[in-house]
file my_file-v9.tsv (TSV, C-alpha atoms)
chain	number	residue	atom	x	y	z
O	1	MET	CA	0.00	0.00	0.00
O	2	ILE	CA	2.74	2.45	0.95
O	3	ALA	CA	4.86	1.39	-2.01
O	4	ASP	CA	1.96	2.22	-4.33
O	5	GLU	CA	2.02	5.85	-3.16
O	6	TYR	CA	5.51	6.17	-4.61
O	7	ASP	CA	5.01	4.00	-7.70
O	8	LYS	CA	7.14	1.25	-6.20
O	9	VAL	CA	6.46	-2.49	-6.08
O	10	TYR	CA	6.54	-4.27	-2.74
O	11	THR	CA	7.57	-7.65	-4.11
O	12	TRP	CA	7.26	-11.04	-2.48
O	13	GLU	CA	11.05	-11.21	-2.30
O	14	VAL	CA	11.23	-7.95	-0.35
O	15	LYS	CA	8.52	-9.13	2.04
O	16	VAL	CA	10.18	-12.50	2.71
O	17	GLY	CA	13.53	-10.85	3.34
O	18	CYS	CA	12.02	-8.72	6.11
O	19	MET	CA	9.78	-11.25	7.83
O	20	GLY	CA	10.65	-11.75	11.49
O	21	MET	CA	13.07	-8.84	11.73
O	22	LYS	CA	12.77	-6.14	14.38
O	23	GLU	CA	10.42	-3.45	13.14
O	24	HIS	CA	12.92	-0.63	12.62
O	25	ILE	CA	15.40	-2.95	10.85
O	26	SER	CA	12.64	-4.18	8.55
O	27	ALA	CA	11.62	-0.58	7.83
O	28	GLN	CA	15.20	0.42	7.00
O	29	ARG	CA	15.51	-2.51	4.63
O	30	ILE	CA	12.24	-1.78	2.82
O	31	ILE	CA	13.06	1.93	2.46
O	32	GLN	CA	16.47	1.07	1.03
O	33	GLN	CA	15.33	-1.69	-1.33
O	34	LEU	CA	12.38	0.30	-2.70
O	35	ASN	CA	14.24	3.62	-2.61
O	36	LEU	CA	11.41	5.30	-0.73
O	37	PRO	CA	11.75	9.04	0.10
O	38	LEU	CA	10.91	8.41	3.76
O	39	SER	CA	12.70	8.27	7.07
O	40	VAL	CA	12.22	5.19	9.24
O	41	ASP	CA	9.88	7.13	11.53
O	42	GLN	CA	7.81	8.39	8.60
O	43	TYR	CA	7.53	4.89	7.17
O	44	LEU	CA	6.53	3.41	10.52
O	45	ASP	CA	3.90	6.13	11.05
O	46	LYS	CA	2.33	5.18	7.73
O	47	ILE	CA	2.44	1.45	8.37
O	48	HIS	CA	1.08	1.80	11.90
O	49	ALA	CA	-1.92	3.69	10.51
O	50	ILE	CA	-2.81	0.64	8.41
O	51	TYR	CA	-2.49	-1.95	11.19
O	52	PRO	CA	-5.87	-1.36	12.93
O	53	THR	CA	-7.81	-2.25	9.79
O	54	LEU	CA	-5.50	-5.03	8.62
O	55	PHE	CA	-4.33	-7.05	11.63
O	56	PRO	CA	-7.59	-7.82	13.49
O	57	THR	CA	-8.63	-9.93	10.48
O	58	ALA	CA	-5.68	-12.31	11.00
O	59	GLN	CA	-6.75	-15.95	10.98
O	60	LEU	CA	-5.19	-19.01	12.59
O	61	LEU	CA	-3.39	-21.37	10.24
O	62	PRO	CA	-5.25	-24.64	9.63
O	63	GLY	CA	-4.12	-27.11	12.28
O	64	ALA	CA	-2.86	-24.47	14.74
O	65	ASP	CA	-5.80	-24.69	17.14
O	66	LYS	CA	-5.67	-28.49	17.20
O	67	LEU	CA	-1.91	-28.53	17.88
O	68	VAL	CA	-1.98	-25.92	20.63
O	69	ARG	CA	-4.91	-27.53	22.46
O	70	HIS	CA	-3.20	-30.93	22.16
O	71	LEU	CA	0.01	-29.60	23.72
O	72	HIS	CA	-1.95	-27.82	26.44
O	73	LYS	CA	-3.93	-30.97	27.25
O	74	HIS	CA	-0.70	-32.92	27.70
O	75	LYS	CA	0.89	-30.14	29.80
O	76	ILE	CA	3.69	-29.53	27.30
O	77	PRO	CA	4.78	-25.89	27.67
O	78	PHE	CA	4.78	-23.68	24.61
O	79	ALA	CA	5.20	-19.97	23.92
O	80	ILE	CA	5.26	-17.32	21.20
O	81	ALA	CA	8.52	-15.78	19.94
O	82	SER	CA	7.78	-13.09	17.37
O	83	GLY	CA	9.66	-10.25	15.74
O	84	GLY	CA	6.64	-7.97	16.12
O	85	THR	CA	5.72	-5.13	18.43
O	86	GLN	CA	3.31	-5.21	21.34
O	87	ASP	CA	0.79	-3.12	19.39
O	88	SER	CA	0.84	-5.33	16.29
O	89	TYR	CA	0.60	-8.45	18.46
O	90	ASN	CA	-2.42	-7.06	20.32
O	91	LEU	CA	-4.19	-6.28	17.06
O	92	LYS	CA	-3.44	-9.66	15.49
O	93	THR	CA	-4.72	-11.54	18.54
O	94	THR	CA	-7.86	-9.43	19.03
O	95	ASN	CA	-10.19	-12.23	17.96
O	96	HIS	CA	-8.14	-15.14	19.31
O	97	GLN	CA	-7.76	-14.39	23.02
O	98	HIS	CA	-9.05	-17.79	24.22
O	99	PHE	CA	-6.42	-19.41	22.01
O	100	ILE	CA	-3.62	-17.06	23.11
O	101	ASP	CA	-4.43	-17.61	26.79
O	102	LEU	CA	-3.19	-21.20	26.45
O	103	PHE	CA	0.40	-20.08	25.84
O	104	SER	CA	2.93	-19.93	28.67
O	105	HIS	CA	4.32	-16.55	27.63
O	106	VAL	CA	5.04	-14.26	24.71
O	107	VAL	CA	8.36	-12.69	23.64
O	108	LEU	CA	8.15	-9.87	21.10
O	109	ALA	CA	11.58	-9.02	19.74
O	110	THR	CA	10.85	-5.41	18.84
O	111	SER	CA	9.32	-4.59	22.24
O	112	ASP	CA	11.51	-6.73	24.53
O	113	VAL	CA	14.66	-5.08	25.90
O	114	HIS	CA	16.29	-8.46	26.50
O	115	VAL	CA	16.17	-9.37	22.80
O	116	LYS	CA	19.19	-7.54	21.45
O	117	ASN	CA	18.93	-8.73	17.85
O	118	GLY	CA	15.91	-9.75	15.80
O	119	LYS	CA	15.64	-12.74	13.49
O	120	PRO	CA	17.71	-14.17	11.78
O	121	ALA	CA	19.76	-13.91	15.00
O	122	PRO	CA	18.77	-16.55	17.59
O	123	ASP	CA	18.11	-14.10	20.45
O	124	VAL	CA	14.31	-14.16	20.48
O	125	PHE	CA	14.17	-17.97	20.69
O	126	LEU	CA	16.86	-18.19	23.37
O	127	VAL	CA	15.12	-15.54	25.50
O	128	CYS	CA	11.79	-17.28	24.98
O	129	ALA	CA	13.20	-20.66	26.07
O	130	SER	CA	14.78	-19.11	29.16
O	131	ARG	CA	11.39	-17.90	30.39
O	132	PHE	CA	9.64	-21.24	30.69
O	133	PRO	CA	8.78	-21.95	34.35
O	134	GLY	CA	11.18	-24.11	36.33
O	135	GLN	CA	14.28	-25.45	34.64
O	136	PRO	CA	14.54	-23.87	31.17
O	137	PRO	CA	14.81	-26.49	28.42
O	138	LYS	CA	18.06	-27.00	26.55
O	139	PRO	CA	17.88	-25.60	23.01
O	140	ASP	CA	17.98	-29.04	21.39
O	141	LYS	CA	14.83	-29.94	23.34
O	142	CYS	CA	12.92	-27.01	21.85
O	143	LEU	CA	10.77	-27.28	18.73
O	144	VAL	CA	10.06	-24.12	16.73
O	145	PHE	CA	7.29	-23.61	14.18
O	146	GLU	CA	8.12	-21.03	11.52
O	147	ASP	CA	6.88	-19.66	8.22
O	148	ALA	CA	9.81	-17.42	7.28
O	149	PRO	CA	13.44	-18.02	6.25
O	150	ASN	CA	14.69	-15.51	8.85
O	151	GLY	CA	12.86	-17.46	11.55
O	152	VAL	CA	14.30	-20.76	10.36
O	153	SER	CA	17.81	-19.27	10.41
O	154	ALA	CA	17.19	-17.97	13.94
O	155	ALA	CA	15.99	-21.35	15.19
O	156	VAL	CA	18.85	-23.26	13.56
O	157	SER	CA	21.36	-20.76	14.99
O	158	ALA	CA	19.78	-21.33	18.41
O	159	LYS	CA	20.43	-25.09	17.96
O	160	MET	CA	16.70	-25.83	18.02
O	161	GLN	CA	14.63	-28.12	15.84
O	162	VAL	CA	12.31	-26.27	13.48
O	163	VAL	CA	9.24	-27.22	11.49
O	164	MET	CA	8.56	-24.83	8.64
O	165	VAL	CA	5.13	-24.20	7.13
O	166	PRO	CA	6.03	-21.83	4.29
O	167	ASP	CA	3.90	-19.89	1.88
O	168	ASN	CA	3.67	-21.89	-1.33
O	169	ARG	CA	5.38	-19.04	-3.21
O	170	LEU	CA	8.58	-19.49	-1.23
O	171	ASP	CA	11.57	-21.28	-2.76
O	172	THR	CA	12.72	-23.19	0.31
O	173	LYS	CA	15.72	-24.73	-1.48
O	174	SER	CA	17.39	-21.33	-1.72
O	175	MET	CA	17.26	-20.63	2.03
O	176	SER	CA	20.55	-20.20	3.88
O	177	HIS	CA	19.43	-22.62	6.63
O	178	GLN	CA	17.24	-25.67	6.21
O	179	PRO	CA	14.54	-26.64	8.72
O	180	THR	CA	14.20	-30.03	10.36
O	181	GLN	CA	10.95	-30.57	8.47
O	182	ILE	CA	8.87	-28.71	5.87
O	183	LEU	CA	5.09	-29.11	5.83
O	184	ASN	CA	2.45	-27.79	3.46
O	185	SER	CA	0.14	-27.35	6.45
O	186	LEU	CA	0.21	-27.72	10.23
O	187	GLU	CA	-2.52	-30.27	9.67
O	188	GLY	CA	0.22	-32.60	8.47
O	189	PHE	CA	2.26	-32.36	11.68
O	190	ILE	CA	2.88	-35.73	13.36
O	191	PRO	CA	3.75	-35.02	17.02
O	192	GLU	CA	5.29	-38.40	17.76
O	193	LEU	CA	8.04	-37.79	15.18
O	194	PHE	CA	9.39	-35.24	17.66
O	195	GLY	CA	8.86	-37.27	20.81
O	196	LEU	CA	5.50	-35.68	21.59
O	197	PRO	CA	2.27	-37.53	22.44
O	198	ALA	CA	0.28	-38.60	19.39
O	199	TYR	CA	-3.02	-36.93	18.61
O	200	ASP	CA	-6.00	-38.70	20.16
call {"tool": "encode", "arguments": {"input": "my_file-v9.tsv", "output": "structure tokens"}}
result
Amino acid sequence: MIADEYDKVYTWEVKVGCMGMKEHISAQRIIQQLNLPLSVDQYLDKIHAIYPTLFPTAQLLPGADKLVRHLHKHKIPFAIASGGTQDSYNLKTTNHQHFIDLFSHVVLATSDVHVKNGKPAPDVFLVCASRFPGQPPKPDKCLVFEDAPNGVSAAVSAKMQVVMVPDNRLDTKSMSHQPTQILNSLEGFIPELFGLPAYD
């Protein structure tokens, strides 16, 4: 939408390259790649104005509700580690609060002072793992679900297993890091392959 104002094209490649990054880093990258005549603050002001109409319509991926409720039923802790801001997170989860309430905790890279670097750095996943109650799990005992190459790189760098559910437009073979498993849909996830209880 913003690119259109300046006769620029916000391509799929530009979008994928920014997914998961801290907000200001993503903004800098988009401004540079599209050669937009905007400062980071100006760009963010424009994008933030769009969020309230765009984000509340966010839907759960097929299979997400089933997986989360299955993990919750079996008392397996799970959390959210996102590159987003608190405001964008609040808007995206507006209509999914009962679902979100099942999670142990949420770490938002852009809003969390303890996350020094956004994806593709491993920080957000390492901070997230450290906040589970009791003895934090070792990285190799953590399983990450991701849709973006930057997130996969972050998880692999954190020494965690990662299941990727990419957009079908994404060329996964060209990614710098490869996930443990690639699925077309979360509906195809088989928990017992990762040492988790099987679906009932």
call {"tool": "residues_around", "arguments": {"input": "my_file-v9.tsv", "residues": "Lys8 of chain O", "least_positions_apart": "6", "cutoff": "10 Å", "atoms": "all atoms listed in the file", "output": "ChimeraX atom specification"}}
result
/O:1-2,33-36
call {"tool": "closest_residue", "arguments": {"input": "my_file-v9.tsv", "among": "O:Ser176, O:Ser157, O:Ser39, O:Ser185", "to": "Leu60 of chain O", "atoms": "all atoms listed in the file"}}
result
O:Ser185
call {"tool": "closest_residue", "arguments": {"input": "my_file-v9.tsv", "among": "O:Ile25, O:Ile30, O:Ile190, O:Leu102", "to": "Tyr10 of chain O", "atoms": "all atoms listed in the file"}}
result
O:Ile30
call {"tool": "axis_aligned_box", "arguments": {"input": "my_file-v9.tsv", "around": "segment 178-189 of chain O", "padding_each_side": "5 Å", "output": "AutoDock Vina command-line options"}}
result
--center_x 7.4 --center_y -29.1 --center_z 7.6 --size_x 29.8 --size_y 16.9 --size_z 18.2
call {"tool": "residues_near_point", "arguments": {"input": "my_file-v9.tsv", "point": "(-2.6, -30.8, 27.3)", "cutoff": "12 Å", "atoms": "only C-alpha atoms", "output": "ChimeraX atom specification"}}
result
/O:66-78,102-103,196-200
call {"tool": "residues_around", "arguments": {"input": "my_file-v9.tsv", "residues": "Ala58 of chain O", "least_positions_apart": "5", "cutoff": "9 Å", "atoms": "only C-alpha atoms", "output": "list in words"}}
result
Leu91, Lys92, Thr93, Thr94 and Asn95 of chain O
call {"tool": "residues_around", "arguments": {"input": "my_file-v9.tsv", "residues": "Ile80 of chain O", "least_positions_apart": "5", "cutoff": "7 Å", "atoms": "all atoms listed in the file", "output": "number ranges by chain"}}
result
O: 105-107
call {"tool": "atom_distance", "arguments": {"input": "my_file-v9.tsv", "atom1": "atom CA of Ala129 of chain O", "atom2": "atom CA of Ala81 of chain O"}}
result
9.1 Å
call {"tool": "closest_residue", "arguments": {"input": "my_file-v9.tsv", "among": "O:Asp45, O:Pro56, O:His98, O:Pro179", "to": "Phe145 of chain O", "atoms": "all atoms listed in the file"}}
result
O:Pro179
call {"tool": "atom_distance", "arguments": {"input": "my_file-v9.tsv", "atom1": "atom CA of Leu186 of chain O", "atom2": "atom CA of Val124 of chain O"}}
result
22.1 Å
call {"tool": "atom_distance", "arguments": {"input": "my_file-v9.tsv", "atom1": "atom CA of Gly17 of chain O", "atom2": "atom CA of Pro120 of chain O"}}
result
10.0 Å
call {"tool": "closest_residue", "arguments": {"input": "my_file-v9.tsv", "among": "O:Glu146, O:Asp65, O:Asp167, O:Asp7", "to": "His96 of chain O", "atoms": "all atoms listed in the file"}}
result
O:Asp65
call {"tool": "closest_residue", "arguments": {"input": "my_file-v9.tsv", "among": "O:Val16, O:Leu170, O:Ala27, O:Met21", "to": "Tyr43 of chain O", "atoms": "all atoms listed in the file"}}
result
O:Ala27
call {"tool": "residues_near_point", "arguments": {"input": "my_file-v9.tsv", "point": "(7.4, -6.9, 26.8)", "cutoff": "12 Å", "atoms": "all atoms listed in the file", "output": "PyMOL selection string"}}
result
chain O and resi 81-87+89-90+105-115+124+127-128
call {"tool": "residues_around", "arguments": {"input": "my_file-v9.tsv", "residues": "Pro166 of chain O", "least_positions_apart": "4", "cutoff": "10 Å", "atoms": "only C-alpha atoms", "output": "VMD selection string"}}
result
chain O and resid 146 to 149 170 to 172 182 to 185
